[in-house]
Each structure stands twice: as structure tokens, then as C-alpha cells.
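Below is one structure, written out as C-alpha cells; the observations come after it.
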Amino acid sequence: MTDSTADLVILGGGSGGYACALRGAQLGLSVVMVEKDKLGGTCLHRGCIPTKALLHAAEVADSARDGESFGVKTALEGIDMSGVNSYKDSVVSKMYKGLQGLVKSRDITYVEGDGRFVGERTVEVDGQRYTGRHVVLATGSYARTLPGLDIGGRVVTSDQAVNLDHVPDRVVVLGGGVIGVEFASVWRSFGSEVTVVEALPNLVPAEDDFLAKQLERAFRRRGIAFKTGVKFTGAEQSDAGVTVSLESGEQIEADLLLVAVGRGPNTASAGYEEAGVTLQHGFVPTDERLRTNLDSVYAVGDIVPGLQLAHRGFAQGIFVAEDIAGLRPTPIDEDGIPRVTYCEPEVASVGLTEAQARQRHGEVESLTYDLSGNGKSQILQTRGAVKVVRSKDGPVLGIHMIGTRVGELVGEAQLIFNWEAYADDVAALVHAHPTQTEALGEAHLALAGKPLHSHG
Ligand SMILES: Cc1cc2nc3c(=O)[nH]c(=O)nc-3n(C[C@H](O)[C@H](O)[C@H](O)COP(=O)(O)OP(=O)(O)OC[C@H]3O[C@@H](n4cnc5c(N)ncnc54)[C@H](O)[C@@H]3O)c2cc1C
């Protein structure tokens, strides 16, 4: 077989890899992209898209169950998981086809196979070598488990949970981070008894304490049990169920255990270390231009330490393609990447938590606007709040929101944070009534010293 050369050889066709390929090809670079499974990676096939389809089905179930409270005569007869899965799979497959068509149309050389980075800017696939002027490592991540906890049977990760063919009666979710609370939310809406176990003191521990407390309150109201600040010690499964043991001595009986304890980088079997790529706890550290320690070798997406989010991967992929094409893009500010947890109620944030802001900027101010003053939120019958943190008499440093549908507000919140807006700048903007965006406007009006619909 003859060897190939290209401007850009990309290992991995997930969010980071394919975004890099598409932008690179758009900029006139010759691109080879190697993928061993399915184009689109975790996000499209096992992550963002299928889980958000499940969450939407869960919202429909809640609406059916709660119709009476809006004067609409509905009842939830039950959940047909084969119907839910075919709806979810149809969304994934439509997007998968679209993405395949897009890659084909951009003249990208798509190589199916297990690739290995062998150094010298070269990736080897089934004996064929692809050498790039530049190589981009984008092999993504896998669901972690804990020592002694084997995945199989009634013990699953999100990879299996996303395709479950039944609604479990009782579930334990190990891990109260984003993935854990999203599945907890889906299953509760579908009628399961759910218990979340989190070793840290709060659910969604990466978020501002205020959001964590609010989410815990909302989960309590929804009947989602959770145990925080307690370590898991073991699980035993039998034909009848799975018994989950905690350090406190407590045991919880369930039908299913979801292990959602974070995601590790896929870097062990792709040749990185042998080829001289520096690894840190398995991740690939980079500089702000996403360069690894090796010349002309970049890394993007979940293998790079930081937020493991699809839109971060897209942005990094685009950044690298533009950098290679000589456009000198501005490095990505990790703090300015929006974060949304799509459970009910949703949690959304951008920028620094109050504690981080205080640590980095000294004196800060914060203001919390309760959604009880927001018309649209009352129409939706949601509780929640918008919290804004700013440096004393300075720009906004962080925005933290909780409530039904607040994920959609993060678009405006990220503009406020990334454009370093002051409360006065935002207070001058007119927000459409009645929308939840008004809550953002009101919070900034209050910070600017002219509150409208706020008490106290
Ligand atoms: C349950 C779940 C829900 C999520 N929800 C969200 C969400 O709502 N929003 C959000 O922003 N993020 C979400 N994420 C995270 C998101 O999926 C990841 O951040 C994103 O997919 C990372 O992109 P990536 O390109 O780094 O890796 P991946 O998407 O994992 O892609 C890596 C690709 O590389 C391929 N590959 C690996 N090794 C090789 C090799 N040796 N040779 C060839 N190919 C290889 C893999 O097959 C894979 O296709 C979720 C994740 C999970 C698990």
C-alpha cells in the first residue's frame, strides 16, 4: 500500500475531530480523518443528542401527568420504551446522515479503522500510513468506573443506559454530576424510584453552591432521593436486583445501578505515549493554541484537560484548523464556555462561580433574581432563579441559572460574560415580555440600582 500525505491528519471523528475536518476543508486544507466507530462520536451516538431526546420524552411524560393542573384532561398511561427509543434513534440517525453527507461534500478523505499515532506526524491504520503537515489528536473519552465495580448486567454506564429497553422500577445513580442528574431526572419522570449517591457534599458539585442547593431542593420536591457526602463501597448483583453499599453502612436495593463517575481520556491504546506525547493523568496537556509537546501535533476535545463538552470540542477543532491555515484565531477562554445540565429543572451557567470570582478578583457582589417575579416562568409553573456575580463596580464575572428551560438563556448570558458587560449595559437592553430572558434583564436592572419586578 502507498502512503498518503495531507495538510491535516485527524485521529477521531467526534465533535472535536469532525469540526476540525470541516473547517480545515473549508479553508482549502487537504484533510484525512480517521474514525474507528461512527462519525459524530460520543455526542451524536451516546451522549448529547440521545440523552436530550430522552429528556424531551421525559418532559412530555411530565406534561401528560400534570395536564390536570393546567385544566387539560390528560393522564400518563405509561412509558413504551420501544417507542421512546425509536423516536430517539430517528433523531440520531437523521443527524448522522446529515453529518455523513456534510463530510462527503467537503472533499474530506474519511478513513474507517482503528488508528494509531506513530510519531513523525503520522497515523497508521491497518498498515497504511497517513502523514500530515499537522496531526490533530481527537480520540475523545470513555465512561469511567470505580475499582472493583465491573460493568455488566444490572450495572451500567451511560453507554447502556441510553439504550435501555425498559424503565427500571428502582435505580441507584452513582455520581451526582451532569450525566448522573440528567439520567436521574429522566427515570423519575418515567416513574422510577431514583436515588443519587454523590461522594462530594453537593449535587452538580462543579456549579455555584447556590445552584447545587436549589437543584437539591427541586429534586426533593420531585421525589428524587439523593445522598451526598457519602462514599460508595460496593455493589452485589443477583437475578433479583443489585445491592449498593455505602460507607455509612447503609445498603440500597435497586434493579439497576448507573455508574456516572466521570469520563476518562481515550489515550492509552492510540500510541500517544510511545510516540512521545506528554500525558498528564492520561489527558493530553496543551498550550493555549492547543499544541501538544510535539511539533505540529495538536489535541482537541475530551482528551484535553478541562470541560468535557461537545461545543468546547467544536470550538477547539475550528480553532486548530484556523490556526493551521494561518488565521491566528484568538485562544478560547475556558471560563466563557457555557455549561448546561438538562435535568428538570435545568441548570445553566457561564463564567466564574461566586467562590471562584472572590478568589480571583477579591471583592465581588452578587444578586439573585427569583423566577417568581418572572411572568413566563409563572406560566410554565417553574421555580428557580438567576444569580449574577460581578466584580465590585466592574463587569459581570458569572451568571448562574436554574429553572425549567433556562438552558436557552445561556446564549444571552454568555454574551454578557464574554463581552465583559457591566450591569448598566445589560439594564439598558429591552427584553421581550413575557419571556424568561426578562429574568436576566431584571437581575441586571437590580444590580444597576433600578429594580423593577423585585421584592425586598
Ligand atoms: C451521556 C452523555 C451526555 C452528554 N451530554 C452532553 C451535552 O448535553 N452537551 C455537551 O456539550 N456535551 C455532552 N456530552 C459530552 C460530549 O459528548 C463530549 O464532550 C464530546 O463528544 C467530546 O468530543 P470529542 O471529539 O473529544 O470525543 P468523542 O465524541 O468521544 O469522539 C472521539 C472519536 O474518536 C474515535 N476514536 C477513538 N480512538 C480512535 C482510534 N484509535 N482510531 C480511530 N478513531 C478513534 C471514537 O470512535 C470517537 O468517535 C455528553 C456525554 C455523555 C457521555
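Residues in the C-alpha cells are numbered from 1 in each chain, the chains being A, B, ... in the order shown, and ligands are numbered from 1 in the order shown.
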>> Run DSSP on the backbone and tell me which residues of segment 333-393 of chain A come out as strand (DSSP E or B); list them as a list of chain:residue names.
In response: A:Arg339, A:Val340, A:Thr341, A:Glu346, A:Val347, A:Ala348, A:Ser349, A:Val350, A:Gly351, A:Val364, A:Glu365, A:Ser366, A:Leu367, A:Thr368, A:Tyr369, A:Asp370, A:Ala385, A:Val386, A:Lys387, A:Val388, A:Val389, A:Arg390, A:Ser391
>> At a cut-off of 6 Å and counting only C-alpha atoms and all ligand atoms, what residues surround ligand 1? Please answer as an MDAnalysis selection string.
In response: chainID A and resid 11:17 34:43 46:48 51 113:116 138:141 158 179 270 301:302 308:311 313
What lies within 8 Å of segment 76-78 of chain A using only C-alpha atoms, ignoring chain neighbours under 3 positions off, as a PDB file with N, CA and C atoms, in the first residue's frame?
```
ATOM      1  N   ALA A  61     -43.776  13.239  29.200  1.00  0.00           N
ATOM      2  CA  ALA A  61     -44.419  12.400  30.235  1.00  0.00           C
ATOM      3  C   ALA A  61     -44.900  13.274  31.389  1.00  0.00           C
ATOM      4  N   ALA A  64     -47.984  15.153  30.398  1.00  0.00           N
ATOM      5  CA  ALA A  64     -49.172  14.287  30.386  1.00  0.00           C
ATOM      6  C   ALA A  64     -49.656  14.045  31.816  1.00  0.00           C
ATOM      7  N   ARG A  65     -48.702  13.817  32.705  1.00  0.00           N
ATOM      8  CA  ARG A  65     -49.055  13.524  34.106  1.00  0.00           C
ATOM      9  C   ARG A  65     -49.677  14.749  34.787  1.00  0.00           C
ATOM     10  N   PHE A 190     -40.147   9.103  34.161  1.00  0.00           N
ATOM     11  CA  PHE A 190     -40.717   7.863  33.614  1.00  0.00           C
ATOM     12  C   PHE A 190     -41.330   6.983  34.707  1.00  0.00           C
TER      13      PHE A 190
END
```
>> Which residues are near Leu246 of chain A? Cut-off 10 Å, only C-alpha atoms, ignore same chain within fewer than 3 positions. Put them as a PyMOL selection string.
In response: chain A and resi 197+199+227+230-235+243+249-252
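Put simply, atom CA of Lys97 of chain A is 25.3 Å away from atom CA of Val320 of chain A.
The shell of residues at most 8 Å from segment 203-211 of chain A, with only C-alpha atoms counted and near chain neighbours (fewer than 6 positions) removed, consists of A:Gly176, A:Gly177, A:Val178, A:Val181, A:Thr228, A:Val347, A:Ser349, A:Thr353, A:Glu354, A:Ala355, A:His400, A:Met401, A:Ile402.
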Could those selected residues go to a file with N, CA and C atoms, as a PDB file, in the first residue's frame?
```pdb
ATOM      1  N   GLY A 176     -23.350  12.431  41.129  1.00  0.00           N
ATOM      2  CA  GLY A 176     -24.351  13.495  41.017  1.00  0.00           C
ATOM      3  C   GLY A 176     -23.903  14.630  40.128  1.00  0.00           C
ATOM      4  N   GLY A 177     -23.022  14.311  39.162  1.00  0.00           N
ATOM      5  CA  GLY A 177     -22.602  15.325  38.176  1.00  0.00           C
ATOM      6  C   GLY A 177     -23.633  15.408  37.054  1.00  0.00           C
ATOM      7  N   VAL A 178     -23.223  16.055  35.967  1.00  0.00           N
ATOM      8  CA  VAL A 178     -24.157  16.325  34.865  1.00  0.00           C
ATOM      9  C   VAL A 178     -24.857  15.054  34.373  1.00  0.00           C
ATOM     10  N   VAL A 181     -27.267  13.367  37.076  1.00  0.00           N
ATOM     11  CA  VAL A 181     -28.548  14.021  37.399  1.00  0.00           C
ATOM     12  C   VAL A 181     -29.484  14.053  36.182  1.00  0.00           C
ATOM     13  N   THR A 228     -25.612  12.740  49.634  1.00  0.00           N
ATOM     14  CA  THR A 228     -24.369  13.424  49.285  1.00  0.00           C
ATOM     15  C   THR A 228     -23.361  13.267  50.412  1.00  0.00           C
ATOM     16  N   VAL A 347     -30.160  23.532  34.707  1.00  0.00           N
ATOM     17  CA  VAL A 347     -29.132  24.321  35.389  1.00  0.00           C
ATOM     18  C   VAL A 347     -28.225  24.867  34.287  1.00  0.00           C
ATOM     19  N   SER A 349     -25.003  27.858  33.307  1.00  0.00           N
ATOM     20  CA  SER A 349     -24.088  28.860  33.853  1.00  0.00           C
ATOM     21  C   SER A 349     -22.994  29.202  32.868  1.00  0.00           C
ATOM     22  N   THR A 353     -17.953  30.880  39.344  1.00  0.00           N
ATOM     23  CA  THR A 353     -18.853  30.765  40.497  1.00  0.00           C
ATOM     24  C   THR A 353     -18.495  31.916  41.432  1.00  0.00           C
ATOM     25  N   GLU A 354     -19.361  32.166  42.419  1.00  0.00           N
ATOM     26  CA  GLU A 354     -19.071  33.270  43.340  1.00  0.00           C
ATOM     27  C   GLU A 354     -17.757  33.009  44.082  1.00  0.00           C
ATOM     28  N   ALA A 355     -17.552  31.752  44.474  1.00  0.00           N
ATOM     29  CA  ALA A 355     -16.316  31.426  45.223  1.00  0.00           C
ATOM     30  C   ALA A 355     -15.076  31.651  44.345  1.00  0.00           C
ATOM     31  N   HIS A 400     -25.486  32.385  36.815  1.00  0.00           N
ATOM     32  CA  HIS A 400     -25.861  31.039  37.251  1.00  0.00           C
ATOM     33  C   HIS A 400     -27.373  30.958  37.325  1.00  0.00           C
ATOM     34  N   MET A 401     -27.951  29.982  36.612  1.00  0.00           N
ATOM     35  CA  MET A 401     -29.414  29.971  36.486  1.00  0.00           C
ATOM     36  C   MET A 401     -29.977  28.583  36.745  1.00  0.00           C
ATOM     37  N   ILE A 402     -31.176  28.560  37.285  1.00  0.00           N
ATOM     38  CA  ILE A 402     -31.877  27.282  37.460  1.00  0.00           C
ATOM     39  C   ILE A 402     -33.361  27.506  37.235  1.00  0.00           C
TER      40      ILE A 402
END
```
> Skipping near chain neighbours, those fewer than 2 positions away, what residues fall within 7 Å of Gln128 of chain A using only C-alpha atoms, listed as a count of residues only?
Replying inline: 6
>> Show me, as JSON, numbers by chain, the residues that have an atom within 12 Å of Gly282 of chain A when counting only C-alpha atoms, minus same-chain residues fewer than 6 positions from it.
In response: {"A": [140, 141, 142, 263, 264, 265, 266, 267, 268, 269, 270, 272, 273, 302, 303, 304, 305]}
>> One decimal, in Å: what's the spacing between atom CA of Glu442 of chain A and atom CA of Glu216 of chain A?
In response: 24.9 Å
>> Considering only alpha helix (DSSP H) as DSSP defines it on the backbone, what residues of segment 172-412 of chain A qualify? List them as an MDAnalysis selection string.
In response: chainID A and resid 178:189 209:222 310:324 354:361 375:379 410:412
> Using only C-alpha atoms, which of the listed residues (A:Gly449, A:Gly403, A:Gly132, A:Pro50) sits closest to Ala385 of chain A?
Replying inline: A:Gly403
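In this model, the gap between atom CA of Gln378 of chain A and atom CA of Ser366 of chain A comes to 23.7 Å.
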> So which one's closest to Gly375 of chain A, A:Ala225, A:Ala315, A:Ile337, A:Ala432? Using only C-alpha atoms, please.
Replying inline: A:Ala432
